[in-house]
Amino acid sequence: MNIIDLHCDALLKLWESEGKSPFLNAPEVETNMERLKKGKIKVQGFAIWIDPVINSDQKFQVALEQIDLFYQEVLGKNSAMKQIKSWSDFDELNDGEIGAFLTLEGVEAIGNDLTRLRILYQLGVMSVGLTWNYANLAADGAMEPRGAGLTTLGKEIVQLNNENEVLTDVSHLCERSFWDVMEIARYPIASHSNSKTLCNHPRNLDDEQAKAMFEKGGMIHAVYSPDFVKTESPATIADLIKHIDHFCGLGGVKQIGLGSDFDGINLKIQGLEDASQSQNLINELLKFFKEEEVKGFAYQNFLNNRPKPLVKER
């Protein structure tokens with residue numbers, strides 16, 4: 001069964017390797033080309049993430065370097081990888097092709113310069129998370145003790161996302177920032193989050209947040225990181241499925257997807273340790289849900305809920 005995976009950190013791995021890790025088959029890249037193909041990943045979201053230790057005046061440069069790797073290493077050296085640049089491109093993939101699109105995990109790289117954000121849109125970024133775990137000029141993240149909401153800049157970014165039919169990702173926001181986003185975002189999404197009810201981690205979403213996402217037409221993509229699956233390790237595929245089932249119970253059966261976070265997590269669920277093992281999750285899901293529902297989780301829900309172009313008034 002084909003899968004659309006909203007989140008991985010392969011670009012970070014490629015950047016850190018300084019050209020020594022071929023995207024085709026580098027063993028340290030959990031979402032390398034061969035593993036995506038074996039796991040039947042039909043579309044993969046590639047995050048741009050900048051380590052907080054990098055100096056502020058270098059962050060935009062690092063973002064551009066990761067985008068360059070996306071074009072040169074992911075797309076340029078693998079003819080079966082096809083860039084997704086618009087929401088209609090999902091429908092244009094042929095058999096044997098794997099779609100790839102860019103996401104931005106935190107806007108630290110743009111500083112307070114919206115021109116830089118527009119440049120990132122032009123380079124192919126289709127989803128933007130306002131922050132990573134801590135505070136920046138746009139918002140407070142899930143691990144920021146202050147827990148404040150969006151700044152004026154943060155609200156301007158969400159509005160710009162709306163105008164450009166770009167997703168606004170809530171996965172790393174603190175609670176107040178989340179609710180600020182929900183007030184104004186036209187295309188909210190949680191690219192890699194689980195249920196806080198089942199695993200009380202700051203990065204997970206509580207039931208009220210999940211319901212708000214579903215009511216607004218947003219998607220929640222389950223993340224494979226054991227830290228977000230179960231308070232006590234080890235976590236199993238069955239434990240991950242409990243989160244999907246819980247979200248279904250909140251009315252989200254048609255708004256649940258998958259966001260592995262491969263290449264960005266240290267611990268792994270046994271049997272779900274890289275993209276090549278993705279069908280293990282599908283096979284387990286088929287034991288508990290109807291095939292049509294599992295197809296929804298794997299890819300169809302995202303296709304049904306992706307942004308639709310606005311009809312502009314004359």
# chains A, B, ... in the order shown; residues from 1 in each chain; ligands from 1

call {"tool": "closest_atom_pairs", "arguments": {"of": "region 210-302 of chain A", "to": "region 176-191 of chain A", "cutoff": "6 Å", "atoms": "only C-alpha atoms", "output": "CSV"}}
result
residue,atom,partner,partner_atom,distance
A:Gly218,CA,A:Ile189,CA,5.2
A:Met219,CA,A:Ile189,CA,5.1
A:Ile220,CA,A:Ala190,CA,4.7
A:His221,CA,A:Ser191,CA,5.1
A:Gly259,CA,A:Ser191,CA,5.7

call {"tool": "select_by_dssp", "arguments": {"residues": "region 78-300 of chain A", "states": "helix (DSSP H, G or I)", "output": "ChimeraX atom specification"}}
result
/A:87-92,108-110,114-123,152-163,175-184,207-215,226-228,237-252,275-285,291-300

call {"tool": "residues_around", "arguments": {"residues": "region 202-208 of chain A", "least_positions_apart": "5", "cutoff": "8 Å", "atoms": "only C-alpha atoms", "output": "number ranges by chain"}}
result
A: 142-143, 171-174, 193-197, 228, 250

call {"tool": "closest_residue", "arguments": {"among": "A:Lys155, A:Lys42, A:Lys13, A:Lys254", "to": "Ala275 (chain A)", "atoms": "only C-alpha atoms"}}
result
A:Lys42

call {"tool": "closest_residue", "arguments": {"among": "A:Leu258, A:Ile119, A:Ala148, A:Val107", "to": "Pro52 (chain A)", "atoms": "only C-alpha atoms"}}
result
A:Val107

call {"tool": "closest_residue", "arguments": {"among": "A:Ile241, A:Ala138, A:Gly39, A:Phe101", "to": "Lys287 (chain A)", "atoms": "only C-alpha atoms"}}
result
A:Ile241

call {"tool": "closest_residue", "arguments": {"among": "A:Gly76, A:Gly129, A:Gly257, A:Gly106", "to": "Asp51 (chain A)", "atoms": "only C-alpha atoms"}}
result
A:Gly106

call {"tool": "closest_residue", "arguments": {"among": "A:Thr151, A:Ser260, A:Thr115, A:Gln270", "to": "Ser233 (chain A)", "atoms": "only C-alpha atoms"}}
result
A:Gln270

call {"tool": "residues_around", "arguments": {"residues": "Phe262 (chain A)", "least_positions_apart": "5", "cutoff": "12 Å", "atoms": "only C-alpha atoms", "output": "MDAnalysis selection string"}}
result
chainID A and resid 5:13 28:32 35:36 44:47 192 223:226 267:269 272:278

call {"tool": "write_last_selection", "arguments": {"atoms": "N, CA and C atoms", "output": "tab-separated table (two decimals), in the first residue's frame"}}
result
chain	number	residue	atom	x	y	z
A	5	ASP	N	4.38	10.15	3.48
A	5	ASP	CA	5.01	10.43	4.78
A	5	ASP	C	5.35	11.92	4.83
A	6	LEU	N	4.76	12.63	5.78
A	6	LEU	CA	4.88	14.09	5.82
A	6	LEU	C	6.20	14.60	6.39
A	7	HIS	N	6.99	13.74	7.05
A	7	HIS	CA	8.16	14.32	7.74
A	7	HIS	C	9.33	13.37	7.86
A	8	CYS	N	10.49	13.82	7.39
A	8	CYS	CA	11.76	13.15	7.68
A	8	CYS	C	12.86	14.20	7.72
A	9	ASP	N	14.01	13.84	8.27
A	9	ASP	CA	15.14	14.77	8.40
A	9	ASP	C	16.34	14.31	7.59
A	10	ALA	N	16.09	13.70	6.44
A	10	ALA	CA	17.19	13.22	5.60
A	10	ALA	C	18.10	14.35	5.16
A	11	LEU	N	17.56	15.54	4.89
A	11	LEU	CA	18.40	16.65	4.44
A	11	LEU	C	19.43	17.03	5.49
A	12	LEU	N	19.04	16.95	6.76
A	12	LEU	CA	19.99	17.22	7.84
A	12	LEU	C	21.12	16.20	7.82
A	13	LYS	N	20.78	14.92	7.66
A	13	LYS	CA	21.80	13.88	7.60
A	13	LYS	C	22.74	14.12	6.43
A	28	GLU	N	23.23	5.12	6.86
A	28	GLU	CA	22.83	5.97	7.98
A	28	GLU	C	21.61	6.83	7.67
A	29	VAL	N	21.19	6.87	6.40
A	29	VAL	CA	20.01	7.65	6.01
A	29	VAL	C	18.79	6.73	5.99
A	30	GLU	N	17.95	6.88	6.98
A	30	GLU	CA	16.81	5.96	7.16
A	30	GLU	C	15.76	6.10	6.07
A	31	THR	N	15.77	7.23	5.38
A	31	THR	CA	14.82	7.44	4.28
A	31	THR	C	15.57	7.55	2.96
A	32	ASN	N	16.62	6.75	2.78
A	32	ASN	CA	17.33	6.80	1.50
A	32	ASN	C	16.44	6.23	0.39
A	35	ARG	N	15.40	2.54	0.52
A	35	ARG	CA	14.47	2.23	1.61
A	35	ARG	C	13.08	2.81	1.33
A	36	LEU	N	13.01	4.00	0.76
A	36	LEU	CA	11.71	4.56	0.39
A	36	LEU	C	11.00	3.63	-0.59
A	44	GLN	N	7.41	11.65	-0.08
A	44	GLN	CA	8.12	11.92	1.16
A	44	GLN	C	8.32	13.42	1.34
A	45	GLY	N	7.94	13.93	2.52
A	45	GLY	CA	8.23	15.31	2.87
A	45	GLY	C	9.62	15.41	3.46
A	46	PHE	N	10.43	16.34	2.96
A	46	PHE	CA	11.80	16.53	3.41
A	46	PHE	C	11.91	17.86	4.17
A	47	ALA	N	12.18	17.76	5.46
A	47	ALA	CA	12.23	18.95	6.31
A	47	ALA	C	13.57	19.66	6.20
A	192	HIS	N	3.80	15.65	12.45
A	192	HIS	CA	4.32	14.49	13.21
A	192	HIS	C	4.02	14.70	14.70
A	223	VAL	N	3.40	10.12	14.54
A	223	VAL	CA	4.86	10.09	14.50
A	223	VAL	C	5.36	8.79	15.13
A	224	TYR	N	6.47	8.25	14.61
A	224	TYR	CA	6.95	6.94	15.02
A	224	TYR	C	7.94	6.99	16.20
A	225	SER	N	8.27	8.15	16.69
A	225	SER	CA	9.24	8.27	17.77
A	225	SER	C	8.69	7.65	19.06
A	226	PRO	N	9.40	6.68	19.66
A	226	PRO	CA	8.91	6.06	20.90
A	226	PRO	C	8.62	7.06	22.01
A	267	LEU	N	15.72	6.90	19.07
A	267	LEU	CA	15.10	5.63	19.42
A	267	LEU	C	14.12	5.21	18.34
A	268	LYS	N	13.90	3.91	18.20
A	268	LYS	CA	13.00	3.40	17.16
A	268	LYS	C	12.04	2.36	17.75
A	269	ILE	N	10.89	2.27	17.13
A	269	ILE	CA	9.96	1.18	17.41
A	269	ILE	C	10.48	-0.07	16.71
A	272	LEU	N	9.99	-0.99	12.99
A	272	LEU	CA	9.67	0.26	12.30
A	272	LEU	C	10.87	1.19	12.46
A	273	GLU	N	12.01	0.69	11.98
A	273	GLU	CA	13.28	1.35	12.25
A	273	GLU	C	13.83	2.18	11.10
A	274	ASP	N	13.26	2.02	9.94
A	274	ASP	CA	13.59	2.90	8.81
A	274	ASP	C	12.48	2.77	7.78
A	275	ALA	N	12.56	3.56	6.72
A	275	ALA	CA	11.46	3.62	5.75
A	275	ALA	C	11.17	2.29	5.09
A	276	SER	N	12.17	1.42	4.98
A	276	SER	CA	11.96	0.13	4.31
A	276	SER	C	10.97	-0.75	5.05
A	277	GLN	N	10.76	-0.49	6.36
A	277	GLN	CA	9.87	-1.32	7.17
A	277	GLN	C	8.47	-0.73	7.30
A	278	SER	N	8.17	0.27	6.52
A	278	SER	CA	6.89	0.98	6.65
A	278	SER	C	5.68	0.08	6.46

call {"tool": "atom_distance", "arguments": {"atom1": "CA of Lys211 (chain A)", "atom2": "CA of Ser127 (chain A)"}}
result
21.1 Å

call {"tool": "select_by_dssp", "arguments": {"residues": "region 19-260 of chain A", "states": "strand (DSSP E)", "output": "ChimeraX atom specification"}}
result
/A:41-48,81-83,98-105,125-129,167-169,188-190,219-222,256-258

call {"tool": "write_last_selection", "arguments": {"atoms": "C-alpha atoms", "output": "tab-separated table (two decimals), in the first residue's frame"}}
result
chain	number	residue	atom	x	y	z
A	41	ILE	CA	6.70	5.44	0.19
A	42	LYS	CA	4.98	7.20	-2.71
A	43	VAL	CA	5.61	10.75	-1.43
A	44	GLN	CA	8.12	11.92	1.16
A	45	GLY	CA	8.23	15.31	2.87
A	46	PHE	CA	11.80	16.53	3.41
A	47	ALA	CA	12.23	18.95	6.31
A	48	ILE	CA	14.69	21.83	6.43
A	81	MET	CA	12.46	11.07	-7.47
A	82	LYS	CA	10.06	13.76	-8.72
A	83	GLN	CA	9.63	17.11	-7.05
A	98	ILE	CA	8.46	8.83	-5.75
A	99	GLY	CA	7.30	12.35	-5.00
A	100	ALA	CA	9.43	14.64	-2.85
A	101	PHE	CA	8.54	18.02	-1.39
A	102	LEU	CA	10.17	20.52	0.97
A	103	THR	CA	8.96	21.59	4.39
A	104	LEU	CA	10.38	24.11	6.86
A	105	GLU	CA	10.68	23.03	10.51
A	125	VAL	CA	8.64	24.85	0.49
A	126	MET	CA	5.02	23.72	0.88
A	127	SER	CA	4.64	23.47	4.66
A	128	VAL	CA	5.95	25.80	7.38
A	129	GLY	CA	6.24	25.18	11.10
A	167	LEU	CA	0.42	24.42	5.18
A	168	THR	CA	1.00	25.81	8.68
A	169	ASP	CA	2.45	23.02	10.82
A	188	PRO	CA	-3.34	23.80	9.59
A	189	ILE	CA	-1.59	20.44	9.86
A	190	ALA	CA	0.30	18.43	12.47
A	219	MET	CA	-4.76	16.54	9.44
A	220	ILE	CA	-2.80	14.90	12.27
A	221	HIS	CA	0.06	12.66	11.11
A	222	ALA	CA	1.15	10.04	13.64
A	256	ILE	CA	-5.23	10.94	10.11
A	257	GLY	CA	-1.97	10.42	8.26
A	258	LEU	CA	1.63	9.35	8.85

call {"tool": "closest_residue", "arguments": {"among": "A:Glu215, A:Glu293, A:Glu144, A:Asp57", "to": "Gly251 (chain A)", "atoms": "only C-alpha atoms"}}
result
A:Glu215

call {"tool": "closest_atom_pairs", "arguments": {"of": "region 74-164 of chain A", "to": "region 61-64 of chain A", "cutoff": "10 Å", "atoms": "only C-alpha atoms", "output": "tab-separated table"}}
result
residue	atom	partner	partner_atom	distance
A:Leu104	CA	A:Ala63	CA	8.9
A:Glu108	CA	A:Ala63	CA	9.7
A:Ala109	CA	A:Ala63	CA	6.6
A:Ile110	CA	A:Ala63	CA	9.2
A:Leu120	CA	A:Leu64	CA	8.6
A:Leu123	CA	A:Leu64	CA	9.2
